[in-house]
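S.K.: My structure is in structure37.txt, and what it holds is compact mmCIF, C-alpha atoms:
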# COMPACT_ATOMS: atom_id res chain seq x y z
CA MET A 1 12.77 -5.95 18.73
CA ALA A 2 9.00 -6.32 18.86
CA THR A 3 7.24 -4.02 21.31
CA SER A 4 4.03 -4.12 23.31
CA ALA A 5 1.95 -0.95 23.48
CA HIS A 6 -0.16 -0.78 26.65
CA THR A 7 -2.83 1.81 27.42
CA ASP A 8 -5.50 2.24 30.04
CA HIS A 9 -8.31 -0.13 29.18
CA SER A 10 -11.50 1.53 28.02
CA SER A 11 -15.06 0.27 28.13
CA LYS A 12 -15.10 0.65 24.35
CA PRO A 13 -13.56 -2.25 22.39
CA LEU A 14 -10.40 -1.64 20.40
CA ARG A 15 -10.91 -1.33 16.63
CA VAL A 16 -8.24 -1.33 13.90
CA TYR A 17 -8.75 0.69 10.70
CA GLY A 18 -6.65 0.84 7.55
CA VAL A 19 -5.99 3.30 4.73
CA SER A 20 -3.26 3.98 2.18
CA ASP A 21 -2.16 6.64 -0.30
CA VAL A 22 -3.57 9.65 1.51
CA HIS A 23 -1.46 12.17 -0.48
CA VAL A 24 -2.04 15.17 1.77
CA ASP A 25 -0.18 17.42 -0.67
CA TYR A 26 -3.67 17.85 -2.14
CA LYS A 27 -5.77 20.22 -0.03
CA GLU A 28 -8.86 18.02 -0.45
CA ASN A 29 -6.93 15.12 1.05
CA ALA A 30 -5.49 17.22 3.86
CA LYS A 31 -9.07 18.17 4.73
CA TRP A 32 -10.03 14.47 4.75
CA LEU A 33 -8.20 13.84 8.01
CA GLN A 34 -9.47 17.06 9.58
CA ASP A 35 -13.03 15.89 8.90
CA ILE A 36 -12.56 12.70 10.95
CA ASP A 37 -14.22 13.12 14.34
CA THR A 38 -11.73 13.82 17.13
CA GLU A 39 -13.70 11.84 19.73
CA ARG A 40 -15.08 8.81 17.92
CA HIS A 41 -11.82 6.84 17.58
CA GLN A 42 -10.07 7.62 20.86
CA ASN A 43 -9.77 3.91 21.66
CA ASP A 44 -8.93 2.84 18.08
CA ALA A 45 -5.89 2.26 15.88
CA LEU A 46 -5.24 3.58 12.36
CA ILE A 47 -2.81 1.89 9.97
CA VAL A 48 -1.48 4.11 7.16
CA ALA A 49 0.15 2.00 4.45
CA GLY A 50 2.36 4.64 2.87
CA ASP A 51 2.27 7.63 0.53
CA VAL A 52 1.38 10.50 2.82
CA THR A 53 3.62 13.18 1.28
CA HIS A 54 7.15 13.89 0.05
CA ASP A 55 7.28 16.90 2.43
CA THR A 56 8.51 15.72 5.85
CA SER A 57 7.04 18.75 7.63
CA LEU A 58 3.60 17.86 6.23
CA LEU A 59 4.20 14.21 7.14
CA ARG A 60 4.96 15.13 10.74
CA GLN A 61 1.84 17.30 10.94
CA PHE A 62 -0.30 14.54 9.45
CA LEU A 63 0.98 12.06 12.04
CA LYS A 64 0.36 14.56 14.85
CA ASP A 65 -3.19 15.19 13.62
CA ALA A 66 -3.86 11.47 13.21
CA LYS A 67 -2.69 10.89 16.79
CA THR A 68 -5.27 13.40 18.05
CA ARG A 69 -8.01 11.29 16.43
CA TYR A 70 -6.76 7.73 17.04
CA ARG A 71 -5.17 6.29 20.17
CA HIS A 72 -2.66 4.37 18.05
CA VAL A 73 -1.24 5.23 14.62
CA ALA A 74 0.95 2.82 12.65
CA PHE A 75 2.82 3.76 9.47
CA THR A 76 5.20 2.47 6.84
CA PRO A 77 6.59 4.76 4.11
CA GLY A 78 5.68 4.58 0.42
CA ASN A 79 7.53 5.72 -2.67
CA HIS A 80 6.20 9.30 -2.61
CA ASP A 81 7.39 9.68 0.98
CA LEU A 82 10.98 9.01 -0.16
CA TRP A 83 11.01 11.53 -3.02
CA LEU A 84 13.66 14.18 -2.47
CA ASN A 85 12.78 17.87 -2.43
CA THR A 86 14.94 20.92 -3.01
CA GLY A 87 16.24 21.91 0.41
CA ASP A 88 15.84 18.44 1.95
CA PRO A 89 18.51 17.78 4.60
CA TYR A 90 19.00 14.25 3.25
CA ALA A 91 21.83 13.12 1.01
CA ASP A 92 19.65 10.48 -0.62
CA SER A 93 16.32 8.64 -0.29
CA PHE A 94 17.83 5.95 1.93
CA GLU A 95 18.88 8.62 4.41
CA LYS A 96 15.42 10.16 4.11
CA LEU A 97 13.91 6.78 5.02
CA HIS A 98 15.88 6.86 8.27
CA GLY A 99 14.77 10.45 8.83
CA ILE A 100 11.10 9.49 8.40
CA LEU A 101 11.46 6.58 10.82
CA ALA A 102 13.02 8.98 13.35
CA ILE A 103 10.05 11.35 12.95
CA CYS A 104 7.68 8.45 13.61
CA ASP A 105 9.57 7.54 16.78
CA GLU A 106 9.41 11.15 17.94
CA GLU A 107 5.66 11.30 17.35
CA GLY A 108 4.92 7.94 18.99
CA VAL A 109 3.89 6.28 15.73
CA ILE A 110 4.19 2.49 15.43
CA ILE A 111 6.89 1.45 12.91
CA ARG A 112 7.91 -1.91 14.44
CA PRO A 113 6.04 -5.18 15.05
CA THR A 114 3.83 -4.44 18.04
CA LEU A 115 1.42 -6.53 20.10
CA LEU A 116 -1.13 -3.80 20.58
CA GLU A 117 -2.61 -3.77 24.08
CA ASP A 118 -1.84 -7.51 24.19
CA LYS A 119 -4.73 -8.03 21.77
CA ILE A 120 -3.57 -7.88 18.15
CA TRP A 121 -0.25 -7.81 16.30
CA LEU A 122 0.41 -4.85 13.98
CA VAL A 123 3.43 -5.61 11.78
CA PRO A 124 4.77 -2.84 9.48
CA ILE A 125 7.02 -4.05 6.64
CA LEU A 126 9.43 -1.72 4.85
CA SER A 127 9.62 -2.43 1.12
CA TRP A 128 10.46 -1.09 -2.34
CA HIS A 129 9.58 -2.16 -5.87
CA HIS A 130 11.78 -3.88 -8.44
CA SER A 131 10.93 -4.81 -12.03
CA SER A 132 11.93 -8.48 -11.78
CA TRP A 133 8.97 -9.02 -9.42
CA ASP A 134 6.77 -8.78 -12.54
CA LYS A 135 6.58 -12.37 -13.81
CA GLU A 136 3.68 -11.97 -16.27
CA PRO A 137 4.16 -11.53 -20.06
CA ASP A 138 4.34 -8.01 -21.45
CA ILE A 139 1.74 -6.56 -23.80
CA THR A 140 2.66 -7.08 -27.46
CA GLY A 141 1.59 -5.54 -30.76
CA TRP A 142 0.87 -2.07 -29.40
CA GLU A 143 2.91 1.09 -29.92
CA GLY A 144 3.41 3.85 -27.37
CA ILE A 145 3.65 1.84 -24.14
CA VAL A 146 6.03 3.79 -21.93
CA PRO A 147 9.02 2.03 -20.29
CA ILE A 148 8.73 1.93 -16.51
CA HIS A 149 11.80 4.09 -15.84
CA CYS A 150 10.17 6.85 -17.91
CA LEU A 151 6.70 6.34 -16.46
CA MET A 152 7.42 6.37 -12.72
CA ALA A 153 8.68 9.58 -11.11
CA ASP A 154 10.50 7.44 -8.53
CA PHE A 155 13.34 7.02 -11.01
CA GLN A 156 13.80 10.79 -11.16
CA ARG A 157 12.70 11.94 -7.69
CA CYS A 158 14.65 9.37 -5.65
CA LYS A 159 18.42 9.18 -5.27
CA TRP A 160 20.20 6.15 -3.82
CA PRO A 161 23.62 5.56 -2.25
CA ALA A 162 26.48 4.20 -4.32
CA GLY A 163 25.98 0.52 -5.05
CA MET A 164 22.19 0.78 -5.22
CA ASP A 165 20.50 0.91 -8.62
CA ALA A 166 16.71 1.30 -8.86
CA LEU A 167 16.74 -0.60 -12.17
CA THR A 168 17.92 -3.69 -10.28
CA PRO A 169 16.57 -5.37 -7.11
CA SER A 170 19.37 -3.75 -5.04
CA VAL A 171 17.22 -0.94 -3.60
CA ALA A 172 14.38 -3.31 -2.73
CA GLU A 173 16.82 -5.72 -1.08
CA ALA A 174 18.53 -2.99 0.95
CA ILE A 175 15.22 -1.59 2.21
CA ASP A 176 13.97 -5.07 3.06
CA LYS A 177 17.07 -5.62 5.22
CA GLU A 178 16.11 -2.50 7.20
CA ASN A 179 13.24 -4.52 8.70
CA ASP A 180 15.78 -6.72 10.51
CA ARG A 181 17.84 -3.73 11.61
CA LEU A 182 14.75 -1.95 12.92
CA SER A 183 13.37 -4.98 14.79
CA PRO A 184 16.32 -7.29 15.56
CA GLY A 185 14.41 -9.29 18.17
CA PHE A 186 11.46 -10.16 15.92
CA ALA A 187 11.69 -13.55 14.16
CA TRP A 188 9.46 -12.51 11.22
CA ARG A 189 7.40 -15.62 11.75
CA ARG A 190 3.96 -15.82 13.31
CA PRO A 191 4.53 -15.86 17.09
CA GLY A 192 3.36 -19.22 18.47
CA GLY A 193 3.15 -20.68 21.95
CA ALA A 194 0.50 -22.36 24.02
CA GLY A 195 -3.11 -21.29 23.77
CA PRO A 196 -4.82 -19.27 21.04
CA ARG A 197 -2.46 -17.01 19.13
CA ALA A 198 -3.18 -13.29 18.81
CA PRO A 199 -4.64 -12.06 15.51
CA MET A 200 -2.18 -10.31 13.20
CA VAL A 201 -2.39 -7.50 10.64
CA SER A 202 0.76 -6.91 8.64
CA PHE A 203 1.09 -4.02 6.21
CA SER A 204 3.33 -2.62 3.49
CA HIS A 205 3.04 0.01 0.81
CA PHE A 206 3.96 -2.29 -2.07
CA LEU A 207 2.44 -5.56 -3.29
CA PRO A 208 3.71 -9.03 -2.36
CA HIS A 209 1.66 -10.92 -4.99
CA GLN A 210 1.03 -10.08 -8.64
CA GLN A 211 -2.57 -11.33 -8.48
CA LEU A 212 -3.28 -8.27 -6.29
CA CYS A 213 -3.01 -6.07 -9.39
CA PRO A 214 -5.21 -6.15 -12.52
CA GLU A 215 -3.72 -7.79 -15.60
CA LYS A 216 -1.65 -5.56 -17.88
CA ARG A 217 -4.34 -5.47 -20.57
CA PHE A 218 -6.61 -3.65 -18.11
CA LEU A 219 -4.07 -1.00 -17.08
CA TYR A 220 -3.78 2.44 -18.68
CA HIS A 221 -0.04 1.97 -18.22
CA PRO A 222 0.60 -1.74 -18.94
CA ASN A 223 4.16 -1.57 -17.60
CA LEU A 224 2.94 -0.49 -14.16
CA PRO A 225 3.54 -3.95 -12.59
CA LYS A 226 7.28 -3.43 -13.05
CA ALA A 227 7.20 -0.85 -10.24
CA VAL A 228 4.64 -2.08 -7.73
CA GLY A 229 5.91 -5.21 -5.98
CA SER A 230 8.78 -6.96 -4.24
CA ASP A 231 9.89 -10.58 -3.99
CA PHE A 232 11.62 -9.74 -0.70
CA LEU A 233 8.30 -8.49 0.66
CA LYS A 234 6.52 -11.59 -0.64
CA ALA A 235 8.95 -13.88 1.21
CA ARG A 236 8.51 -11.93 4.43
CA VAL A 237 4.71 -11.94 4.19
CA GLU A 238 4.64 -15.67 3.47
CA ARG A 239 6.79 -16.36 6.55
CA LEU A 240 4.53 -14.23 8.74
CA GLN A 241 1.25 -15.88 7.71
CA SER A 242 -0.70 -12.91 9.04
CA ASP A 243 -4.48 -12.98 9.04
CA VAL A 244 -4.75 -9.75 7.06
CA HIS A 245 -2.18 -7.80 5.06
CA LEU A 246 -2.95 -4.18 4.16
CA PHE A 247 -1.15 -2.70 1.16
CA GLY A 248 -1.33 0.35 -1.09
CA HIS A 249 0.40 1.99 -4.08
CA THR A 250 -1.72 0.91 -7.07
CA HIS A 251 -4.85 2.84 -6.01
CA PHE A 252 -7.22 -0.10 -6.57
CA GLY A 253 -9.62 -1.11 -3.82
CA TRP A 254 -8.96 -4.79 -3.07
CA ASP A 255 -10.04 -7.61 -0.76
CA ALA A 256 -8.87 -11.11 -1.67
CA LEU A 257 -7.53 -14.28 -0.08
CA VAL A 258 -4.09 -15.47 -1.26
CA GLY A 259 -2.27 -18.35 0.39
CA GLY A 260 -4.35 -18.18 3.56
CA THR A 261 -3.83 -14.44 4.11
CA ARG A 262 -6.48 -11.84 3.31
CA PHE A 263 -5.08 -8.89 1.32
CA ILE A 264 -6.83 -5.52 1.49
CA GLN A 265 -6.11 -2.21 -0.19
CA ALA A 266 -8.11 0.85 0.90
CA PRO A 267 -6.63 3.88 -0.92
CA LEU A 268 -7.77 7.46 -0.48
CA ALA A 269 -5.86 8.24 -3.72
CA TYR A 270 -5.89 11.53 -5.63
CA PRO A 271 -8.98 13.77 -5.69
CA TYR A 272 -9.28 13.48 -9.47
CA GLU A 273 -9.20 9.68 -9.19
CA ARG A 274 -12.08 9.73 -6.75
CA GLU A 275 -13.99 11.78 -9.31
CA SER A 276 -13.13 9.74 -12.42
CA SER A 277 -12.35 6.25 -11.14
CA GLY A 278 -14.31 6.00 -7.91
CA LYS A 279 -15.66 2.53 -8.68
CA SER A 280 -12.20 0.94 -8.85
CA LEU A 281 -11.00 2.73 -5.70
CA ARG A 282 -13.80 1.86 -3.34
CA VAL A 283 -13.58 -0.88 -0.79
CA GLY A 284 -15.88 -1.29 2.17
CA PRO A 285 -19.26 -2.54 3.34
CA VAL A 286 -21.30 -3.98 0.48
CA ALA A 287 -24.24 -1.73 1.26
CA GLN A 288 -22.07 1.40 1.11
CA VAL A 289 -19.47 0.75 -1.58
CA GLU A 290 -21.53 2.46 -4.29
CA CYS A 291 -21.87 5.64 -2.23
CA ASP A 292 -19.85 8.66 -3.32
CA ASP A 293 -17.85 8.76 -0.09
CA ALA A 294 -17.30 5.01 0.23
CA GLY A 295 -13.65 5.29 -0.79
CA SER A 296 -12.95 8.20 1.52
CA LYS A 297 -13.13 6.43 4.88
CA PRO A 298 -10.58 4.14 6.53
CA VAL A 299 -11.73 0.53 6.32
CA LEU A 300 -12.53 -1.33 9.52
CA LEU A 301 -10.20 -4.35 9.60
CA TRP A 302 -10.71 -5.81 13.06
CA GLN A 303 -12.56 -5.13 16.27
CA GLU A 304 -12.17 -6.59 19.71
CA ARG A 305 -14.80 -9.22 20.54
CA ALA A 306 -16.14 -9.32 16.96
CA GLY A 307 -12.83 -10.11 15.21
CA PHE A 308 -12.03 -9.43 11.55
CA THR A 309 -14.61 -7.90 9.25
CA ALA A 310 -16.17 -10.74 7.27
CA GLU A 311 -15.12 -11.01 3.61
CA ALA A 312 -18.74 -11.42 2.57
CA ASP A 313 -19.47 -8.00 4.04
CA VAL A 314 -16.81 -6.20 1.96
CA ALA A 315 -16.96 -5.22 -1.71
CA ALA A 316 -14.11 -4.09 -4.00
CA TYR A 317 -14.49 -3.84 -7.76
CA TRP A 318 -11.33 -5.55 -9.06
CA SER A 319 -11.00 -8.29 -6.48
CA ASP A 320 -14.71 -9.02 -6.92
CA TYR A 321 -14.09 -9.25 -10.68
CA TYR A 322 -11.30 -11.79 -10.19
CA GLY A 323 -13.45 -13.71 -7.75
CA LYS A 324 -15.70 -14.49 -10.72
CA THR A 325 -13.28 -14.37 -13.68
CA GLN A 326 -10.15 -16.43 -14.29
CA ARG A 327 -6.98 -14.35 -14.55
CA ASP A 328 -5.38 -14.71 -18.02
CA PRO A 329 -2.04 -12.86 -18.23
CA SER A 330 -1.19 -14.86 -21.38
CA ASN A 331 -3.60 -12.61 -23.30
CA THR A 332 -1.07 -9.97 -24.31
CA THR A 333 -2.80 -8.41 -27.32
CA GLU A 334 -6.44 -7.78 -26.43
CA LEU A 335 -6.42 -4.56 -24.46
CA ALA A 336 -9.50 -3.27 -22.66
CA SER A 337 -11.24 -0.71 -24.89
CA TYR A 338 -10.41 2.18 -22.56
CA VAL A 339 -6.72 1.15 -22.69
CA ALA A 340 -6.60 0.42 -26.43
CA SER A 341 -7.75 3.97 -27.19
CA GLU A 342 -4.48 5.24 -25.69
CA TYR A 343 -2.21 3.22 -27.99
CA THR A 344 -1.73 2.24 -31.64
CA TRP A 345 -2.01 -1.33 -32.89
CA VAL A 346 1.05 -2.16 -35.00
CA GLY A 347 1.01 -5.95 -34.84
CA THR A 348 0.51 -8.01 -37.98
CA LYS A 349 -1.24 -10.71 -35.98
CA PRO A 350 -2.22 -11.21 -32.32
CA GLY A 351 0.82 -11.89 -30.19
CA ALA A 352 3.39 -10.24 -32.51
CA ALA A 353 6.09 -8.88 -30.20
CA GLN A 354 6.99 -5.19 -30.35
CA GLY A 355 9.49 -2.90 -28.66
CA GLU A 356 8.96 -1.42 -25.22
CA GLY A 357 8.26 2.10 -26.47
CA VAL A 358 10.21 5.29 -25.92
CA CYS A 359 10.33 7.92 -23.18
Starting from the coordinates I provided, produce the structure as structure tokens.
M.R.:
Amino acid sequence: MATSAHTDHSSKPLRVYGVSDVHVDYKENAKWLQDIDTERHQNDALIVAGDVTHDTSLLRQFLKDAKTRYRHVAFTPGNHDLWLNTGDPYADSFEKLHGILAICDEEGVIIRPTLLEDKIWLVPILSWHHSSWDKEPDITGWEGIVPIHCLMADFQRCKWPAGMDALTPSVAEAIDKENDRLSPGFAWRRPGGAGPRAPMVSFSHFLPHQQLCPEKRFLYHPNLPKAVGSDFLKARVERLQSDVHLFGHTHFGWDALVGGTRFIQAPLAYPYERESSGKSLRVGPVAQVECDDAGSKPVLLWQERAGFTAEADVAAYWSDYYGKTQRDPSNTTELASYVASEYTWVGTKPGAAQGEGVC
């Protein structure tokens, strides 16, 4: 059921920050949390939208360290968190999911819909990707595009119980059902009632809407959309009608309005990505987004008294691009130059269909 987390009221207003894809297996990323001031956020909340680490001992330590810096920490697992390691005590990734949720409960981390200090709803949503979520046409005429089951390590590093097949929606459906098991008293609709309703931030690791990812012709791996989103997640998000939904996974900074909900991605990502692709990662205040460290800080989502951070005050490269440019997924042959250099044109004319490629 939904819970209400109460604390002693402070003279400082509550603030809610968000981040995803912190990947603390990299020492530079582990240091990132240690560099966050231990006093500044003692009345604040941090949402972590998945992909901390595949090592549960490191995950537990990360959550402990985050709790020393933020009064409240909320988390939902990503795909990397469910990878199995040699020596793991879990029979499969579904069992590991339950183990991670148990660790969160032990560390006092929010994993269920929670009305935080009676001020704002934080709603974690468990999810997994499935290829049928991708409804846009595939790239044609280019050789060497890798099939998704060869591209994504999830298909090798995760193991699922009998009856679940990661090449079908069965894993995504089973994990989605865990939301109801975990919070049986929550209706998964925006709580109503008399008077003004409390603001709500929902969050997941994966994407509910395809327009939250660049078109395939702009992606180094054009088949990536086959392993980033979930229709089950989309349905749940649409029922909730939250004010803001934080997501992760694709490592693209994002801030866009879809169907009345504002969708934000604020990834820390890998160190080498911050070096080579910093522009596409960064999301944050317009005046700071070009700074070298702009993508290395949790994004302020909401603050008591002031409300949600205004969209006009936030910049993110790809969502800003689509704010000015019409999406055209029907263009399946004209790859961006930096993508085209990775593949070989074999089409006889634009739009000539080709095979999916080989592993």
S.K.: May I ask which of the residues A:His72, A:Arg305, A:Arg236, A:His251 is the closest one to Trp188 in chain A, counting only C-alpha atoms?
M.R.: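 Looking only at the distances to Trp188 in chain A, the closest residue turns out to be A:Arg236.
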S.K.: Compare A:Asp255, A:Asp328, A:Glu106, A:Glu275 by their minimum atom-to-atom distance to Ala310 in chain A, counting only C-alpha atoms, and give me the closest one.
M.R.: A:Asp255
S.K.: Could you check the closest approach to Leu335 in chain A for each of A:Ile145, A:Ala153, A:Ala166, A:Leu301 and tell me which residue wins, using only C-alpha atoms?
M.R.: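 Of the candidates, the smallest distance to Leu335 in chain A is held by A:Ile145.
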S.K.: Which polymer residues, protein or nucleic acid, are no farther than 6 Å from (12.7, 12.5, -6.0), counting all atoms listed in the file, as a PyMOL selection string?
M.R.: chain A and resi 83-84+156-158
S.K.: How many Å separate CA of Tyr26 in chain A from CA of Ser131 in chain A?
M.R.: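 We find that CA of Tyr26 in chain A and CA of Ser131 in chain A lie 28.7 Å from each other.
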S.K.: Enumerate, in order of chain and increasing residue number, the residues of range 60-98 of chain A with an atom no farther than 12 Å from range 42-47 of chain A, each with its shortest atom pair and distance in Å to one decimal, counting all atoms listed in the file, as CSV.
M.R.:
residue,atom,partner,partner_atom,distance
A:Leu63,CA,A:Leu46,CA,10.5
A:Asp65,CA,A:Leu46,CA,11.9
A:Ala66,CA,A:Leu46,CA,8.1
A:Lys67,CA,A:Leu46,CA,8.9
A:Thr68,CA,A:Gln42,CA,8.0
A:Arg69,CA,A:Gln42,CA,6.1
A:Tyr70,CA,A:Gln42,CA,5.1
A:Arg71,CA,A:Gln42,CA,5.1
A:His72,CA,A:Ala45,CA,4.4
A:Val73,CA,A:Leu46,CA,4.9
A:Ala74,CA,A:Ile47,CA,4.7
A:Phe75,CA,A:Ile47,CA,6.0
A:Thr76,CA,A:Ile47,CA,8.6
A:Pro77,CA,A:Ile47,CA,11.4
S.K.: Just how far from CA of Tyr321 in chain A is CA of Trp32 in chain A, in Å to one decimal?
M.R.: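 The value is 28.6 Å.
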S.K.: Quick one: residues within 9 Å of Tyr338 in chain A, only C-alpha atoms, excluding same-chain residues fewer than 2 positions away - as a VMD selection string?
M.R.: chain A and resid 218 to 220 335 to 336 340 to 342
S.K.: Write out as JSON lines a residue-level contact list of range 106-207 of chain A versus range 256-269 of chain A with cut-off 12 Å: for each qualifying residue the closest pair of atoms and the distance in Å to one decimal, counting only C-alpha atoms, rows sorted by chain and residue number upward.
M.R.:
{"residue": "A:Pro199", "atom": "CA", "partner": "A:Thr261", "partner_atom": "CA", "distance": 11.7}
{"residue": "A:Met200", "atom": "CA", "partner": "A:Thr261", "partner_atom": "CA", "distance": 10.1}
{"residue": "A:Val201", "atom": "CA", "partner": "A:Arg262", "partner_atom": "CA", "distance": 9.4}
{"residue": "A:Ser202", "atom": "CA", "partner": "A:Phe263", "partner_atom": "CA", "distance": 9.6}
{"residue": "A:Phe203", "atom": "CA", "partner": "A:Phe263", "partner_atom": "CA", "distance": 9.3}
{"residue": "A:Ser204", "atom": "CA", "partner": "A:Gln265", "partner_atom": "CA", "distance": 10.1}
{"residue": "A:His205", "atom": "CA", "partner": "A:Gln265", "partner_atom": "CA", "distance": 9.5}
{"residue": "A:Phe206", "atom": "CA", "partner": "A:Gln265", "partner_atom": "CA", "distance": 10.2}
{"residue": "A:Leu207", "atom": "CA", "partner": "A:Phe263", "partner_atom": "CA", "distance": 9.4}
S.K.: Here is a test: counting all atoms listed in the file, which residue of A:Ser170, A:Gln303, A:Thr56, A:Gln61 is nearest to His80 in chain A?
M.R.: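 The closest residue to His80 in chain A is A:Thr56.
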S.K.: Calculate how many Å separate CA of Arg239 in chain A from CA of Val52 in chain A, rounding to one decimal.
M.R.: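 A separation of 27.7 Å between them.
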S.K.: Padding of 4 Å on every side, edges along x, y and z, all listed atoms of range 211-228 of chain A included: what centre and edge lengths in Å, to one decimal, does that box have, as AutoDock Vina command-line options?
M.R.:
--center_x 0.3 --center_y -4.4 --center_z -13.4 --size_x 21.9 --size_y 21.8 --size_z 22.3
S.K.: So, with all atoms listed in the file as the atoms that count, which of A:Asp55, A:Ile110, A:Glu311, A:Thr140 lies closest to Pro89 in chain A?
M.R.: A:Asp55
S.K.: Can you tell me which residues surround Thr309 in chain A at a distance of at most 12 Å, considering only C-alpha atoms, apart from same-chain residues fewer than 3 positions away, and format the answer as a ChimeraX atom specification?
M.R.: /A:15-18,243-244,255,262,264,284-286,299-306,312-315
S.K.: May I have the residues from that selection written out with C-alpha atoms, as a PDB file, keeping the file's coordinate frame?
M.R.:
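Result written to result.pdb:
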ATOM      1  CA  ARG A  15     -10.910  -1.330  16.630  1.00  0.00           C
ATOM      2  CA  VAL A  16      -8.240  -1.330  13.900  1.00  0.00           C
ATOM      3  CA  TYR A  17      -8.750   0.690  10.700  1.00  0.00           C
ATOM      4  CA  GLY A  18      -6.650   0.840   7.550  1.00  0.00           C
ATOM      5  CA  ASP A 243      -4.480 -12.980   9.040  1.00  0.00           C
ATOM      6  CA  VAL A 244      -4.750  -9.750   7.060  1.00  0.00           C
ATOM      7  CA  ASP A 255     -10.040  -7.610  -0.760  1.00  0.00           C
ATOM      8  CA  ARG A 262      -6.480 -11.840   3.310  1.00  0.00           C
ATOM      9  CA  ILE A 264      -6.830  -5.520   1.490  1.00  0.00           C
ATOM     10  CA  GLY A 284     -15.880  -1.290   2.170  1.00  0.00           C
ATOM     11  CA  PRO A 285     -19.260  -2.540   3.340  1.00  0.00           C
ATOM     12  CA  VAL A 286     -21.300  -3.980   0.480  1.00  0.00           C
ATOM     13  CA  VAL A 299     -11.730   0.530   6.320  1.00  0.00           C
ATOM     14  CA  LEU A 300     -12.530  -1.330   9.520  1.00  0.00           C
ATOM     15  CA  LEU A 301     -10.200  -4.350   9.600  1.00  0.00           C
ATOM     16  CA  TRP A 302     -10.710  -5.810  13.060  1.00  0.00           C
ATOM     17  CA  GLN A 303     -12.560  -5.130  16.270  1.00  0.00           C
ATOM     18  CA  GLU A 304     -12.170  -6.590  19.710  1.00  0.00           C
ATOM     19  CA  ARG A 305     -14.800  -9.220  20.540  1.00  0.00           C
ATOM     20  CA  ALA A 306     -16.140  -9.320  16.960  1.00  0.00           C
ATOM     21  CA  ALA A 312     -18.740 -11.420   2.570  1.00  0.00           C
ATOM     22  CA  ASP A 313     -19.470  -8.000   4.040  1.00  0.00           C
ATOM     23  CA  VAL A 314     -16.810  -6.200   1.960  1.00  0.00           C
ATOM     24  CA  ALA A 315     -16.960  -5.220  -1.710  1.00  0.00           C
TER      25      ALA A 315
END
